[in-house]
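Beneath this line is the structure, given in structure tokens, with notes to follow.
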Amino acid sequence: MMNISIIGAGYVGLITGIGFAKLNNRVSIIDLNTSLIEKLKNFELPFYEPDLQKYINDKLVIENINYCSEYESGIDKDTELVFVCVQTPTNLDSGKTDTKFIKSVLEKLKELEKYNFNICIKSTVKSQLVEEICNKIDIDFSKIVFNPEFLREGSALDDFFNPDRVVVGGQDNDVIQKCLNLYKDFDCELISTDPISSQMIKYLSNTYLAMRLSFVNETYRLVKDNGGNPLEVLNAIGKDIRIGNNYFRPSPGWGGSCFPKDVKEVENSYNGQNKLPLISKIIESNELQMDWFSENLFNIANQQDIDSIVLIGAAFKENTDDLRESPTLKIYDRLQNKGLNIVIFDKNIDLNSDYSFIAKLDDLKANCLYVEMFPDVSDERKILISKIRSLNNTFMLKMWE
Ligand SMILES: NC(=O)c1ccc[n+]([C@@H]2O[C@H](COP(=O)([O-])OP(=O)(O)OC[C@H]3O[C@@H](n4cnc5c(N)ncnc54)[C@H](O)[C@@H]3O)[C@@H](O)[C@H]2O)c1
């Protein structure tokens with residue numbers, strides 16, 4: 001049992017905090033967003049994630065967890081490890097990682113250095129950038145460890161308890177061991193390495209996954225263009241055990257809070273001669289996929305003389321309400337620019353939210369092109385699809401069946 005604090009109660013911080021509390025550690029979760037903390041104190045979900053409500057209400061979690069919006073209420077003399085889980089978006093001007101959230105956390109932790117905790121960075125950020133900040137504000141970088149997070153939104157709690165591997169990077173073996181100790185009962189390999197490599201493992205895992213999805217999407221277009229059956233081709237390619245069928249599903253494009261920014265940062269990180277030809281084309285490939293998909297919808301809409309297009313699924317994938325870099329929203333913009341009437345539906349997104357483009361699908365209309373943006377195996381989706389099928393002159397589109 002350890003006393004830990006988590007800075008940032010977003011997808012990563014909240015899941016990590018709740019997971020460690022369930023494993024009987026004492027956890028303080030600190031977030032400057034007071035309304036988010038209020039929700040958590042009232043046992044309300046701050047975002048949609050399967051099983052999260054169950055864990056927020058769990059007796060052991062409640063006993064072990066403390067939600068607060070002030071650092072002083074969540075860090076004290078007993079705190080052993082502080083996990084930094086704040087966002088690391090791309091800075092729109094420079095195209096590089098914006099470290100202002102990390103910097104402001106480290107400045108605050110510097111003020112509390114009278115206590116005897118170590119710092120563990122869970123956010124995805126290059127260790128060199130953290131080292132620069134540490135040098136500026138006089139924090140001993142050699143005592144900092146990095147523990148990159150690999151969870152997937154939509155199965156985040158399951159991923160927390162059953163990771164494929166745990167990686168800790170650092171320069172000080174005692175601090176690395178302290179962090180690894182939290183994971184000692186996990187059924188997976190615990191990997192320790194240096195700070196740069198630990199973050200490269202995270203960045204390049206995401207880059208590989210994005211590249212794989214783009215390969216699948218290009219394959220789909222190529223086979224279709226040649227008059228073949230893309231799904232049969234992909235299925236047969238995936239039977240090769242060196243390739244595998246996991247994460248091998250065609251889509252209108254990939255998105256989310258991580259892939260686009262992480263691939264961009266990897267591209268930016270190479271200072272050698274010439275560019276990295278493969279990696280530097282991944283984002284372009286994805287943009288072209290979304291162009292191709294929008295163009296297809298536009299053509300079907302014109303040929304079939306339909307009234308509107310309904311995109312089913314606003315989030316960037318199934319089982320989440322996260323709209324960051326969602327392909328649905330990008331395709332929506334592309335089609336609106338062509339003057340089409342578009343509606344988006346997503347059962348996980350609150351209709352009272354600020355998103356004016358989200359529609360209620362209670363009165364389904366005929367003469368529409370309905371597009372499933374990603375699969376959803378819920379009963380709710382099955383009922384929806386059978387209702388749509390019973391209407392006149394509707395068209396259904398999905399890429400994976
Ligand atoms: N979302 C994912 O699936 C995922 C998976 C693996 C890794 N990551 C990485 O983890 C990091 C966090 O991602 P996320 O999706 O959880 O972000 P998020 O935007 O959901 O949450 C970040 C939280 O940090 C809080 N915050 C910001 N500055 C703060 C400060 N100074 N003090 C206290 N709280 C502060 C924000 O209010 C917000 O609630 C990113 O680096 C991301 O790349 C994310």
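Going by the structure tokens order, chains are called A, B, ..., each with residues numbered from 1, while ligands are numbered from 1 in the order shown.
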**Prompt:** Using only C-alpha atoms, which residues sit within 12 Å of A:Glu44 once same-chain residues fewer than 2 positions away are excluded, as JSON, numbers by chain?
**Reply:** {"A": [35, 36, 37, 38, 39, 40, 41, 42, 46, 47, 48, 49, 52, 53, 54, 55, 56, 57]}
Could you take the residues named above and write them with N, CA and C atoms, as a tab-separated table (two decimals), in the first residue's frame?
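Written file, again-v2.tsv:
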chain	number	residue	atom	x	y	z
A	35	SER	N	-15.43	22.09	-11.26
A	35	SER	CA	-16.74	21.44	-11.51
A	35	SER	C	-16.54	19.93	-11.73
A	36	LEU	N	-15.42	19.57	-12.34
A	36	LEU	CA	-15.11	18.14	-12.51
A	36	LEU	C	-14.94	17.46	-11.14
A	37	ILE	N	-14.21	18.14	-10.26
A	37	ILE	CA	-13.99	17.57	-8.91
A	37	ILE	C	-15.31	17.48	-8.14
A	38	GLU	N	-16.17	18.49	-8.28
A	38	GLU	CA	-17.48	18.45	-7.62
A	38	GLU	C	-18.28	17.24	-8.08
A	39	LYS	N	-18.26	17.01	-9.41
A	39	LYS	CA	-18.98	15.84	-9.95
A	39	LYS	C	-18.48	14.55	-9.29
A	40	LEU	N	-17.15	14.43	-9.23
A	40	LEU	CA	-16.57	13.20	-8.68
A	40	LEU	C	-16.94	13.05	-7.20
A	41	LYS	N	-16.94	14.17	-6.48
A	41	LYS	CA	-17.32	14.10	-5.05
A	41	LYS	C	-18.77	13.65	-4.91
A	42	ASN	N	-19.59	13.99	-5.93
A	42	ASN	CA	-21.01	13.58	-5.90
A	42	ASN	C	-21.24	12.25	-6.61
A	46	PRO	N	-17.67	12.21	-14.93
A	46	PRO	CA	-17.27	13.42	-15.65
A	46	PRO	C	-17.20	13.20	-17.16
A	47	PHE	N	-17.09	11.94	-17.58
A	47	PHE	CA	-17.11	11.59	-19.01
A	47	PHE	C	-17.57	10.14	-19.10
A	48	TYR	N	-17.98	9.73	-20.31
A	48	TYR	CA	-18.48	8.37	-20.44
A	48	TYR	C	-17.31	7.38	-20.61
A	49	GLU	N	-17.28	6.37	-19.79
A	49	GLU	CA	-16.29	5.29	-19.94
A	49	GLU	C	-16.93	4.03	-19.33
A	52	LEU	N	-16.86	2.77	-15.43
A	52	LEU	CA	-16.32	3.81	-14.55
A	52	LEU	C	-17.26	4.10	-13.38
A	53	GLN	N	-18.58	4.17	-13.68
A	53	GLN	CA	-19.54	4.46	-12.60
A	53	GLN	C	-19.43	3.40	-11.49
A	54	LYS	N	-19.33	2.15	-11.91
A	54	LYS	CA	-19.23	1.05	-10.93
A	54	LYS	C	-18.03	1.27	-10.01
A	55	TYR	N	-16.90	1.66	-10.58
A	55	TYR	CA	-15.69	1.85	-9.77
A	55	TYR	C	-15.77	3.12	-8.91
A	56	ILE	N	-16.42	4.18	-9.44
A	56	ILE	CA	-16.56	5.40	-8.64
A	56	ILE	C	-17.39	5.11	-7.39
A	57	ASN	N	-18.35	4.18	-7.54
A	57	ASN	CA	-19.23	3.84	-6.41
A	57	ASN	C	-18.67	2.70	-5.55
Any chance you could tabulate, as a tab-separated table, the residues of chain A at most 6 Å from ligand 1 with each one's nearest atom pair and distance in Å to one decimal, using only C-alpha atoms and all ligand atoms, in chain and rising number order?
residue	atom	partner	partner_atom_place_in_ligand_line	distance
A:Ile7	CA	ligand 1	33 (C)	5.0
A:Gly8	CA	ligand 1	24 (O)	3.4
A:Ala9	CA	ligand 1	39 (O)	4.7
A:Gly10	CA	ligand 1	21 (O)	3.2
A:Tyr11	CA	ligand 1	16 (O)	3.7
A:Val12	CA	ligand 1	16 (O)	3.8
A:Gly13	CA	ligand 1	16 (O)	5.6
A:Ile30	CA	ligand 1	33 (C)	5.8
A:Asp31	CA	ligand 1	34 (N)	3.7
A:Leu32	CA	ligand 1	33 (C)	4.6
A:Asn33	CA	ligand 1	37 (O)	4.8
A:Cys85	CA	ligand 1	12 (C)	4.9
A:Val86	CA	ligand 1	24 (O)	3.8
A:Gln87	CA	ligand 1	40 (C)	4.1
A:Thr88	CA	ligand 1	41 (O)	4.4
A:Phe101	CA	ligand 1	28 (N)	4.7
A:Ser104	CA	ligand 1	31 (N)	5.0
A:Val105	CA	ligand 1	31 (N)	4.5
A:Ser123	CA	ligand 1	41 (O)	3.5
A:Thr124	CA	ligand 1	41 (O)	3.8
A:Glu149	CA	ligand 1	6 (C)	4.5
A:Phe150	CA	ligand 1	6 (C)	4.8
A:Leu151	CA	ligand 1	5 (C)	5.2
A:Arg152	CA	ligand 1	3 (O)	5.0
A:Glu153	CA	ligand 1	3 (O)	4.9
A:Ser257	CA	ligand 1	1 (N)	6.0
A:Cys258	CA	ligand 1	43 (O)	5.1
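Nearest to A:Thr320 of all the residues A:Asp376, A:Lys360, A:Leu109, A:Lys126 is A:Asp376, counting only C-alpha atoms.
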**Request:** Pick out each residue of stretch 98-331 of chain A that DSSP on the backbone tags as strand (DSSP E); I need them as a ChimeraX atom specification.
**Result:** /A:118-121,145-146,165-170,189-193,308-312
Expected file contents, prior selection, N, CA and C atoms, as a PDB file, in the first residue's frame:
ATOM      1  N   ASN A 118       8.337  11.619  -4.771  1.00  0.00           N
ATOM      2  CA  ASN A 118       8.969  11.616  -6.101  1.00  0.00           C
ATOM      3  C   ASN A 118       7.910  11.899  -7.156  1.00  0.00           C
ATOM      4  N   ILE A 119       8.405  12.364  -8.313  1.00  0.00           N
ATOM      5  CA  ILE A 119       7.476  12.727  -9.390  1.00  0.00           C
ATOM      6  C   ILE A 119       7.531  11.666 -10.484  1.00  0.00           C
ATOM      7  N   CYS A 120       6.344  11.241 -10.939  1.00  0.00           N
ATOM      8  CA  CYS A 120       6.263  10.278 -12.041  1.00  0.00           C
ATOM      9  C   CYS A 120       5.409  10.897 -13.137  1.00  0.00           C
ATOM     10  N   ILE A 121       5.969  11.017 -14.339  1.00  0.00           N
ATOM     11  CA  ILE A 121       5.223  11.618 -15.450  1.00  0.00           C
ATOM     12  C   ILE A 121       4.494  10.518 -16.217  1.00  0.00           C
ATOM     13  N   VAL A 145      10.697  10.010 -12.695  1.00  0.00           N
ATOM     14  CA  VAL A 145      10.516   8.820 -13.541  1.00  0.00           C
ATOM     15  C   VAL A 145       9.354   9.031 -14.497  1.00  0.00           C
ATOM     16  N   PHE A 146       9.353   8.238 -15.571  1.00  0.00           N
ATOM     17  CA  PHE A 146       8.317   8.310 -16.612  1.00  0.00           C
ATOM     18  C   PHE A 146       7.625   6.951 -16.671  1.00  0.00           C
ATOM     19  N   ARG A 165       2.074  -4.464 -20.955  1.00  0.00           N
ATOM     20  CA  ARG A 165       3.374  -4.257 -20.303  1.00  0.00           C
ATOM     21  C   ARG A 165       3.308  -2.970 -19.494  1.00  0.00           C
ATOM     22  N   VAL A 166       4.218  -2.876 -18.518  1.00  0.00           N
ATOM     23  CA  VAL A 166       4.355  -1.615 -17.774  1.00  0.00           C
ATOM     24  C   VAL A 166       5.777  -1.131 -18.029  1.00  0.00           C
ATOM     25  N   VAL A 167       5.898   0.149 -18.383  1.00  0.00           N
ATOM     26  CA  VAL A 167       7.221   0.701 -18.691  1.00  0.00           C
ATOM     27  C   VAL A 167       7.534   1.827 -17.697  1.00  0.00           C
ATOM     28  N   VAL A 168       8.697   1.772 -17.105  1.00  0.00           N
ATOM     29  CA  VAL A 168       9.135   2.890 -16.260  1.00  0.00           C
ATOM     30  C   VAL A 168      10.539   3.294 -16.695  1.00  0.00           C
ATOM     31  N   GLY A 169      10.677   4.591 -17.005  1.00  0.00           N
ATOM     32  CA  GLY A 169      11.990   5.094 -17.411  1.00  0.00           C
ATOM     33  C   GLY A 169      12.495   6.093 -16.390  1.00  0.00           C
ATOM     34  N   GLY A 170      13.799   6.021 -16.114  1.00  0.00           N
ATOM     35  CA  GLY A 170      14.348   6.978 -15.155  1.00  0.00           C
ATOM     36  C   GLY A 170      15.846   6.810 -15.041  1.00  0.00           C
ATOM     37  N   GLU A 189       4.857  -8.109 -18.144  1.00  0.00           N
ATOM     38  CA  GLU A 189       6.282  -7.784 -17.980  1.00  0.00           C
ATOM     39  C   GLU A 189       6.441  -6.347 -17.484  1.00  0.00           C
ATOM     40  N   LEU A 190       7.326  -6.139 -16.508  1.00  0.00           N
ATOM     41  CA  LEU A 190       7.625  -4.792 -16.026  1.00  0.00           C
ATOM     42  C   LEU A 190       8.973  -4.397 -16.638  1.00  0.00           C
ATOM     43  N   ILE A 191       8.975  -3.356 -17.431  1.00  0.00           N
ATOM     44  CA  ILE A 191      10.171  -2.989 -18.193  1.00  0.00           C
ATOM     45  C   ILE A 191      10.751  -1.700 -17.628  1.00  0.00           C
ATOM     46  N   SER A 192      12.024  -1.709 -17.245  1.00  0.00           N
ATOM     47  CA  SER A 192      12.631  -0.437 -16.824  1.00  0.00           C
ATOM     48  C   SER A 192      13.683  -0.030 -17.855  1.00  0.00           C
ATOM     49  N   THR A 193      13.755   1.269 -18.092  1.00  0.00           N
ATOM     50  CA  THR A 193      14.659   1.781 -19.114  1.00  0.00           C
ATOM     51  C   THR A 193      15.027   3.233 -18.777  1.00  0.00           C
ATOM     52  N   SER A 308     -30.949  13.965 -46.545  1.00  0.00           N
ATOM     53  CA  SER A 308     -29.810  14.282 -45.670  1.00  0.00           C
ATOM     54  C   SER A 308     -28.980  13.035 -45.365  1.00  0.00           C
ATOM     55  N   ILE A 309     -27.790  13.330 -44.825  1.00  0.00           N
ATOM     56  CA  ILE A 309     -26.895  12.238 -44.426  1.00  0.00           C
ATOM     57  C   ILE A 309     -26.876  12.216 -42.904  1.00  0.00           C
ATOM     58  N   VAL A 310     -27.024  11.036 -42.313  1.00  0.00           N
ATOM     59  CA  VAL A 310     -26.982  10.907 -40.856  1.00  0.00           C
ATOM     60  C   VAL A 310     -25.737  10.109 -40.494  1.00  0.00           C
ATOM     61  N   LEU A 311     -24.807  10.749 -39.801  1.00  0.00           N
ATOM     62  CA  LEU A 311     -23.590  10.050 -39.368  1.00  0.00           C
ATOM     63  C   LEU A 311     -23.869   9.472 -37.983  1.00  0.00           C
ATOM     64  N   ILE A 312     -23.765   8.166 -37.833  1.00  0.00           N
ATOM     65  CA  ILE A 312     -24.058   7.532 -36.536  1.00  0.00           C
ATOM     66  C   ILE A 312     -22.736   7.296 -35.812  1.00  0.00           C
TER      67      ILE A 312
END
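Atom CA of A:Gly313 is positioned 11.7 Å from atom CA of A:Leu361.
Taking only C-alpha atoms, the non-local environment of A:Ile282 within 8 Å (same-chain residues fewer than 6 positions away omitted) comprises Ala210, Met211, Ser214 and Val263 of chain A.
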**Message:** With DSSP run on the backbone, what are the alpha helix (DSSP H) residues within stretch 96-261 of chain A? I'd like them as a PyMOL selection string.
**Reply:** chain A and resi 100-111+127-137+156-161+173-181+195-225+230-238+259-261
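Compared by their closest atoms to A:Ser69, and using only C-alpha atoms, the residues A:Asn181, A:Asn173, A:Asn235, A:Thr34 rank with A:Thr34 nearest.
With atom CA of A:Gly17 on one side and atom CA of A:Ile29 on the other, the separation reads 6.5 Å.
Proximity ranking of A:Asn3, A:Asn367, A:Ser326, A:Asn246 relative to A:Val82 places A:Asn3 first, based on only C-alpha atoms.
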**Selected residue of minimal separation from A:Leu213 among A:Arg249, A:Lys317, A:Lys59, A:Lys110, counting only C-alpha atoms** = A:Arg249
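Residues surrounding A:Leu23 within 9 Å are Met1, Ile18, Gly19, Phe20, Ala21, Asn25, Leu60 and Val61 of chain A [only C-alpha atoms; sequence separation below 2 positions excluded].
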**Prompt:** Can you tell me, as a ChimeraX atom specification, what residues are no more than 6 Å from A:Gly255 when counting only C-alpha atoms, ignoring any on the same chain fewer than 3 positions away?
**Reply:** /A:316,325-327
Selection to disk with N, CA and C atoms, as a short mmCIF file (atom, residue, chain, number, x, y, z; two decimals), in the first residue's frame:
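Result file is part06.cif:
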data_model
loop_
_atom_site.label_atom_id
_atom_site.label_comp_id
_atom_site.auth_asym_id
_atom_site.auth_seq_id
_atom_site.Cartn_x
_atom_site.Cartn_y
_atom_site.Cartn_z
N PHE A 316 -14.61 9.61 -31.54
CA PHE A 316 -13.61 9.12 -32.49
C PHE A 316 -13.62 7.61 -32.62
N GLU A 325 -10.42 15.33 -32.14
CA GLU A 325 -9.92 14.89 -33.45
C GLU A 325 -10.79 13.77 -34.03
N SER A 326 -12.09 13.87 -33.82
CA SER A 326 -12.97 12.81 -34.31
C SER A 326 -13.13 12.89 -35.83
N PRO A 327 -12.92 11.78 -36.54
CA PRO A 327 -13.13 11.78 -37.99
C PRO A 327 -14.56 12.18 -38.36
#
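The shortest atom-to-atom distance to A:Asp321, with only C-alpha atoms taken into account, belongs to A:Tyr355 out of A:Tyr355, A:Tyr71, A:Trp292, A:Phe395.
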**Request:** Tell me which of A:Leu397, A:Leu112, A:Leu335, A:Val233 sits closest to A:Ile139, counting only C-alpha atoms.
**Result:** A:Leu112
